>>> print(open('structure38.pdb').read())   # PDB, C-alpha atoms, pLDDT in the B column
MODEL        1
ATOM      1  CA  MET D   1      88.206 233.506 226.671  1.00 91.00           C
ATOM      2  CA  ILE D   2      90.185 230.379 225.813  1.00 91.00           C
ATOM      3  CA  GLY D   3      89.970 229.263 229.438  1.00 91.00           C
ATOM      4  CA  LYS D   4      86.217 229.902 229.497  1.00 93.00           C
ATOM      5  CA  ILE D   5      85.690 227.800 226.374  1.00 93.00           C
ATOM      6  CA  LYS D   6      87.787 224.948 227.793  1.00 92.00           C
ATOM      7  CA  LYS D   7      85.805 225.098 231.036  1.00 92.00           C
ATOM      8  CA  ASN D   8      82.505 225.040 229.088  1.00 90.00           C
ATOM      9  CA  LEU D   9      83.673 221.939 227.208  1.00 91.00           C
ATOM     10  CA  GLU D  10      84.347 220.129 230.482  1.00 90.00           C
ATOM     11  CA  THR D  11      80.646 220.326 231.376  1.00 90.00           C
ATOM     12  CA  SER D  12      79.058 220.204 227.923  1.00 89.00           C
ATOM     13  CA  SER D  13      79.069 217.600 225.176  1.00 91.00           C
ATOM     14  CA  TYR D  14      79.159 220.242 222.446  1.00 93.00           C
ATOM     15  CA  LEU D  15      80.805 223.567 221.754  1.00 93.00           C
ATOM     16  CA  GLU D  16      78.438 226.459 222.477  1.00 92.00           C
ATOM     17  CA  ASP D  17      77.394 228.642 219.516  1.00 92.00           C
ATOM     18  CA  ALA D  18      78.894 231.776 221.079  1.00 93.00           C
ATOM     19  CA  ASP D  19      82.190 229.950 221.677  1.00 94.00           C
ATOM     20  CA  LEU D  20      82.295 228.699 218.091  1.00 93.00           C
ATOM     21  CA  ASP D  21      81.630 232.228 216.858  1.00 92.00           C
ATOM     22  CA  TRP D  22      84.490 233.571 218.986  1.00 94.00           C
ATOM     23  CA  LEU D  23      86.868 230.887 217.697  1.00 93.00           C
ATOM     24  CA  LEU D  24      85.954 231.677 214.095  1.00 91.00           C
ATOM     25  CA  GLU D  25      86.384 235.404 214.707  1.00 90.00           C
ATOM     26  CA  ASN D  26      89.864 234.791 216.110  1.00 91.00           C
ATOM     27  CA  ILE D  27      91.154 232.212 213.650  1.00 88.00           C
ATOM     28  CA  GLY D  28      93.360 234.883 212.079  1.00 85.00           C
ATOM     29  CA  ASN D  29      94.360 236.641 215.287  1.00 89.00           C
ATOM     30  CA  PRO D  30      97.944 237.968 214.993  1.00 91.00           C
ATOM     31  CA  VAL D  31      98.679 237.108 218.639  1.00 92.00           C
ATOM     32  CA  GLY D  32     100.320 233.693 218.449  1.00 89.00           C
ATOM     33  CA  GLU D  33      99.309 232.691 221.962  1.00 90.00           C
ATOM     34  CA  ILE D  34      95.629 233.225 221.155  1.00 91.00           C
ATOM     35  CA  ARG D  35      95.786 231.824 217.629  1.00 91.00           C
ATOM     36  CA  ASP D  36      98.218 228.910 217.919  1.00 90.00           C
ATOM     37  CA  GLN D  37      97.922 227.779 221.520  1.00 87.00           C
ATOM     38  CA  GLY D  38      94.264 228.726 221.807  1.00 92.00           C
ATOM     39  CA  VAL D  39      92.102 228.785 218.718  1.00 94.00           C
ATOM     40  CA  TYR D  40      93.914 226.134 216.671  1.00 94.00           C
ATOM     41  CA  GLN D  41      94.306 223.730 219.590  1.00 94.00           C
ATOM     42  CA  LEU D  42      90.670 224.108 220.575  1.00 94.00           C
ATOM     43  CA  PHE D  43      89.509 223.474 217.008  1.00 92.00           C
ATOM     44  CA  CYS D  44      91.664 220.332 216.860  1.00 93.00           C
ATOM     45  CA  SER D  45      90.285 219.115 220.168  1.00 93.00           C
ATOM     46  CA  VAL D  46      86.598 219.727 219.459  1.00 94.00           C
ATOM     47  CA  ILE D  47      86.887 218.150 216.010  1.00 93.00           C
ATOM     48  CA  GLU D  48      88.808 215.142 217.334  1.00 94.00           C
ATOM     49  CA  HIS D  49      86.325 214.613 220.170  1.00 93.00           C
ATOM     50  CA  GLN D  50      83.297 215.346 217.956  1.00 94.00           C
ATOM     51  CA  GLN D  51      82.159 218.256 220.127  1.00 94.00           C
ATOM     52  CA  ILE D  52      80.690 220.232 217.235  1.00 94.00           C
ATOM     53  CA  LYS D  53      77.255 219.137 216.142  1.00 93.00           C
ATOM     54  CA  PRO D  54      77.273 217.822 212.548  1.00 93.00           C
ATOM     55  CA  LYS D  55      75.050 220.617 211.243  1.00 93.00           C
ATOM     56  CA  LYS D  56      77.332 223.266 212.814  1.00 93.00           C
ATOM     57  CA  MET D  57      80.417 221.471 211.470  1.00 93.00           C
ATOM     58  CA  LYS D  58      79.056 221.585 207.946  1.00 94.00           C
ATOM     59  CA  LYS D  59      78.149 225.271 208.285  1.00 90.00           C
ATOM     60  CA  MET D  60      81.600 226.040 209.711  1.00 90.00           C
ATOM     61  CA  LEU D  61      83.406 224.181 206.941  1.00 90.00           C
ATOM     62  CA  LEU D  62      81.424 225.958 204.237  1.00 90.00           C
ATOM     63  CA  LEU D  63      82.248 229.282 205.868  1.00 88.00           C
ATOM     64  CA  LEU D  64      85.955 228.478 206.151  1.00 86.00           C
ATOM     65  CA  LEU D  65      86.116 227.303 202.537  1.00 87.00           C
ATOM     66  CA  SER D  66      84.388 230.397 201.195  1.00 86.00           C
ATOM     67  CA  ASN D  67      86.547 232.908 199.326  1.00 79.00           C
ATOM     68  CA  ASP D  68      85.554 235.734 201.619  1.00 78.00           C
ATOM     69  CA  PHE D  69      86.242 234.345 205.065  1.00 77.00           C
ATOM     70  CA  LEU D  70      89.922 233.516 205.516  1.00 66.00           C
ATOM     71  CA  LEU D  71      91.075 236.080 202.993  1.00 67.00           C
ATOM     72  CA  ASN D  72      89.031 238.799 204.661  1.00 64.00           C
ATOM     73  CA  GLN D  73      90.481 238.907 208.159  1.00 57.00           C
ATOM     74  CA  SER D  74      91.056 242.659 207.820  1.00 54.00           C
ATOM     75  CA  LYS D  75      90.284 243.435 211.464  1.00 52.00           C
ATOM     76  CA  PHE D  76      93.673 241.930 212.342  1.00 51.00           C
ATOM     77  CA  ARG D  77      95.731 243.885 209.781  1.00 48.00           C
TER      78      ARG D  77
ENDMDL
END
>>> encode(input="structure38.pdb", output="structure tokens")
Amino acid sequence: MIGKIKKNLETSSYLEDADLDWLLENIGNPVGEIRDQGVYQLFCSVIEHQQIKPKKMKKMLLLLLSNDFLLNQSKFR
């Protein structure tokens, strides 16, 4: 999936909604290769290159800052 997202970003100015959803779902993935070399690096890249539309960025930040999101990654426990 990481490869697919990277490929999508080569041809698109912005991160697709489905790709953003997948990244958010896997932000707490216990597999380091997916989490550290995939999800985190992709988030850094799309933020640095402004490939998330401002409205989506705001929505994402509010979600990440909510008490329920990062503390409730139970599917990975």
>>> axis_aligned_box(input="structure38.pdb", around="range 54-73 of chain D", padding_each_side="3 Å", output="lines of an AutoDock Vina configuration file")
center_x = 83.1
center_y = 228.4
center_z = 206.1
size_x = 22.0
size_y = 27.1
size_z = 19.5
>>> residues_around(input="structure38.pdb", residues="Met60 in chain D", least_positions_apart="4", cutoff="12 Å", atoms="only C-alpha atoms", output="PyMOL selection string")
chain D and resi 17+20-21+23-25+43+47+52-56+64-66+69-70
>>> closest_residue(input="structure38.pdb", among="D:Ile27, D:Asp19, D:Glu33, D:Leu63", to="Val46 in chain D", atoms="all atoms listed in the file")
D:Asp19
>>> closest_residue(input="structure38.pdb", among="D:Asp68, D:Lys58, D:Ile34, D:Gln51", to="Asn8 in chain D", atoms="all atoms listed in the file")
D:Gln51
>>> atom_distance(input="structure38.pdb", atom1="CA of Ser13 in chain D", atom2="CA of Gln37 in chain D")
21.7 Å
>>> closest_residue(input="structure38.pdb", among="D:Asn67, D:Gly32, D:Asn26, D:Ser45", to="Met1 in chain D", atoms="only C-alpha atoms")
D:Asn26
>>> atom_distance(input="structure38.pdb", atom1="CA of Gln41 in chain D", atom2="CA of Ile2 in chain D")
10.0 Å
>>> atom_distance(input="structure38.pdb", atom1="CA of Lys4 in chain D", atom2="CA of Met57 in chain D")
20.7 Å
>>> decode(input="structure38.pdb", residues="range 20-66 of chain D", atoms="N, CA and C atoms", output="mmCIF file, in the first residue's frame")
data_model
loop_
_atom_site.group_PDB
_atom_site.id
_atom_site.type_symbol
_atom_site.label_atom_id
_atom_site.label_comp_id
_atom_site.auth_asym_id
_atom_site.auth_seq_id
_atom_site.Cartn_x
_atom_site.Cartn_y
_atom_site.Cartn_z
ATOM 1 N N LEU D 20 -5.198 8.882 2.479
ATOM 2 C CA LEU D 20 -5.112 9.554 3.776
ATOM 3 C C LEU D 20 -5.782 8.713 4.853
ATOM 4 N N ASP D 21 -6.921 8.150 4.549
ATOM 5 C CA ASP D 21 -7.606 7.277 5.510
ATOM 6 C C ASP D 21 -6.733 6.092 5.894
ATOM 7 N N TRP D 22 -6.079 5.469 4.908
ATOM 8 C CA TRP D 22 -5.221 4.325 5.188
ATOM 9 C C TRP D 22 -4.040 4.732 6.069
ATOM 10 N N LEU D 23 -3.440 5.885 5.770
ATOM 11 C CA LEU D 23 -2.318 6.364 6.582
ATOM 12 C C LEU D 23 -2.756 6.602 8.028
ATOM 13 N N LEU D 24 -3.906 7.222 8.200
ATOM 14 C CA LEU D 24 -4.406 7.474 9.556
ATOM 15 C C LEU D 24 -4.722 6.171 10.286
ATOM 16 N N GLU D 25 -5.255 5.204 9.575
ATOM 17 C CA GLU D 25 -5.572 3.911 10.184
ATOM 18 C C GLU D 25 -4.311 3.167 10.610
ATOM 19 N N ASN D 26 -3.196 3.450 9.963
ATOM 20 C CA ASN D 26 -1.962 2.719 10.232
ATOM 21 C C ASN D 26 -0.905 3.531 10.968
ATOM 22 N N ILE D 27 -1.295 4.662 11.515
ATOM 23 C CA ILE D 27 -0.343 5.507 12.226
ATOM 24 C C ILE D 27 0.207 4.820 13.482
ATOM 25 N N GLY D 28 -0.539 3.894 14.030
ATOM 26 C CA GLY D 28 -0.094 3.162 15.212
ATOM 27 C C GLY D 28 0.249 1.713 14.921
ATOM 28 N N ASN D 29 0.501 1.391 13.682
ATOM 29 C CA ASN D 29 0.805 0.018 13.291
ATOM 30 C C ASN D 29 2.063 -0.467 14.016
ATOM 31 N N PRO D 30 2.014 -1.664 14.630
ATOM 32 C CA PRO D 30 3.174 -2.160 15.374
ATOM 33 C C PRO D 30 4.332 -2.612 14.486
ATOM 34 N N VAL D 31 4.092 -2.763 13.191
ATOM 35 C CA VAL D 31 5.153 -3.171 12.270
ATOM 36 C C VAL D 31 5.968 -1.928 11.906
ATOM 37 N N GLY D 32 7.202 -1.899 12.394
ATOM 38 C CA GLY D 32 8.050 -0.722 12.209
ATOM 39 C C GLY D 32 8.253 -0.318 10.765
ATOM 40 N N GLU D 33 8.365 -1.291 9.870
ATOM 41 C CA GLU D 33 8.574 -0.988 8.463
ATOM 42 C C GLU D 33 7.386 -0.214 7.883
ATOM 43 N N ILE D 34 6.191 -0.602 8.275
ATOM 44 C CA ILE D 34 4.987 0.091 7.793
ATOM 45 C C ILE D 34 4.871 1.454 8.463
ATOM 46 N N ARG D 35 5.020 1.462 9.794
ATOM 47 C CA ARG D 35 4.825 2.685 10.561
ATOM 48 C C ARG D 35 5.938 3.702 10.314
ATOM 49 N N ASP D 36 7.184 3.301 10.555
ATOM 50 C CA ASP D 36 8.295 4.252 10.540
ATOM 51 C C ASP D 36 8.786 4.595 9.135
ATOM 52 N N GLN D 37 8.997 3.566 8.316
ATOM 53 C CA GLN D 37 9.507 3.826 6.979
ATOM 54 C C GLN D 37 8.385 4.052 5.966
ATOM 55 N N GLY D 38 7.166 3.907 6.376
ATOM 56 C CA GLY D 38 6.041 4.096 5.472
ATOM 57 C C GLY D 38 5.170 5.267 5.877
ATOM 58 N N VAL D 39 4.360 5.035 6.886
ATOM 59 C CA VAL D 39 3.359 6.023 7.291
ATOM 60 C C VAL D 39 4.006 7.343 7.713
ATOM 61 N N TYR D 40 4.963 7.289 8.622
ATOM 62 C CA TYR D 40 5.565 8.532 9.121
ATOM 63 C C TYR D 40 6.280 9.296 8.008
ATOM 64 N N GLN D 41 7.044 8.575 7.181
ATOM 65 C CA GLN D 41 7.760 9.246 6.101
ATOM 66 C C GLN D 41 6.811 9.861 5.084
ATOM 67 N N LEU D 42 5.728 9.144 4.788
ATOM 68 C CA LEU D 42 4.755 9.705 3.845
ATOM 69 C C LEU D 42 4.078 10.947 4.407
ATOM 70 N N PHE D 43 3.711 10.900 5.704
ATOM 71 C CA PHE D 43 3.113 12.092 6.310
ATOM 72 C C PHE D 43 4.082 13.273 6.241
ATOM 73 N N CYS D 44 5.335 13.047 6.565
ATOM 74 C CA CYS D 44 6.335 14.123 6.495
ATOM 75 C C CYS D 44 6.424 14.692 5.090
ATOM 76 N N SER D 45 6.458 13.811 4.109
ATOM 77 C CA SER D 45 6.588 14.245 2.720
ATOM 78 C C SER D 45 5.375 15.037 2.243
ATOM 79 N N VAL D 46 4.176 14.515 2.492
ATOM 80 C CA VAL D 46 2.985 15.220 1.982
ATOM 81 C C VAL D 46 2.764 16.544 2.708
ATOM 82 N N ILE D 47 3.165 16.615 3.967
ATOM 83 C CA ILE D 47 3.037 17.888 4.692
ATOM 84 C C ILE D 47 4.076 18.881 4.163
ATOM 85 N N GLU D 48 5.317 18.410 4.022
ATOM 86 C CA GLU D 48 6.388 19.275 3.533
ATOM 87 C C GLU D 48 6.093 19.810 2.136
ATOM 88 N N HIS D 49 5.539 18.968 1.276
ATOM 89 C CA HIS D 49 5.264 19.366 -0.104
ATOM 90 C C HIS D 49 3.830 19.873 -0.313
ATOM 91 N N GLN D 50 3.131 20.093 0.792
ATOM 92 C CA GLN D 50 1.770 20.643 0.775
ATOM 93 C C GLN D 50 0.857 19.852 -0.157
ATOM 94 N N GLN D 51 0.864 18.519 0.022
ATOM 95 C CA GLN D 51 0.053 17.644 -0.818
ATOM 96 C C GLN D 51 -1.221 17.179 -0.116
ATOM 97 N N ILE D 52 -1.567 17.855 0.968
ATOM 98 C CA ILE D 52 -2.858 17.633 1.622
ATOM 99 C C ILE D 52 -3.606 18.956 1.532
ATOM 100 N N LYS D 53 -4.786 18.911 0.994
ATOM 101 C CA LYS D 53 -5.572 20.137 0.870
ATOM 102 C C LYS D 53 -5.793 20.734 2.261
ATOM 103 N N PRO D 54 -5.799 22.076 2.359
ATOM 104 C CA PRO D 54 -5.908 22.731 3.664
ATOM 105 C C PRO D 54 -7.093 22.257 4.516
ATOM 106 N N LYS D 55 -8.234 22.060 3.881
ATOM 107 C CA LYS D 55 -9.414 21.616 4.626
ATOM 108 C C LYS D 55 -9.185 20.216 5.216
ATOM 109 N N LYS D 56 -8.570 19.331 4.423
ATOM 110 C CA LYS D 56 -8.260 17.971 4.897
ATOM 111 C C LYS D 56 -7.196 18.007 5.993
ATOM 112 N N MET D 57 -6.226 18.917 5.853
ATOM 113 C CA MET D 57 -5.175 19.045 6.864
ATOM 114 C C MET D 57 -5.771 19.446 8.202
ATOM 115 N N LYS D 58 -6.674 20.395 8.171
ATOM 116 C CA LYS D 58 -7.315 20.844 9.407
ATOM 117 C C LYS D 58 -8.107 19.701 10.039
ATOM 118 N N LYS D 59 -8.876 18.993 9.219
ATOM 119 C CA LYS D 59 -9.672 17.865 9.712
ATOM 120 C C LYS D 59 -8.760 16.785 10.302
ATOM 121 N N MET D 60 -7.654 16.503 9.626
ATOM 122 C CA MET D 60 -6.709 15.497 10.094
ATOM 123 C C MET D 60 -6.084 15.913 11.425
ATOM 124 N N LEU D 61 -5.674 17.154 11.525
ATOM 125 C CA LEU D 61 -5.059 17.631 12.762
ATOM 126 C C LEU D 61 -6.032 17.577 13.935
ATOM 127 N N LEU D 62 -7.271 17.960 13.700
ATOM 128 C CA LEU D 62 -8.267 17.880 14.773
ATOM 129 C C LEU D 62 -8.484 16.435 15.212
ATOM 130 N N LEU D 63 -8.495 15.529 14.256
ATOM 131 C CA LEU D 63 -8.645 14.111 14.569
ATOM 132 C C LEU D 63 -7.454 13.611 15.387
ATOM 133 N N LEU D 64 -6.249 13.929 14.948
ATOM 134 C CA LEU D 64 -5.051 13.469 15.637
ATOM 135 C C LEU D 64 -4.915 14.060 17.040
ATOM 136 N N LEU D 65 -5.425 15.261 17.230
ATOM 137 C CA LEU D 65 -5.335 15.906 18.543
ATOM 138 C C LEU D 65 -6.458 15.497 19.490
ATOM 139 N N SER D 66 -7.454 14.809 18.967
ATOM 140 C CA SER D 66 -8.564 14.390 19.821
ATOM 141 C C SER D 66 -8.087 13.323 20.803
#
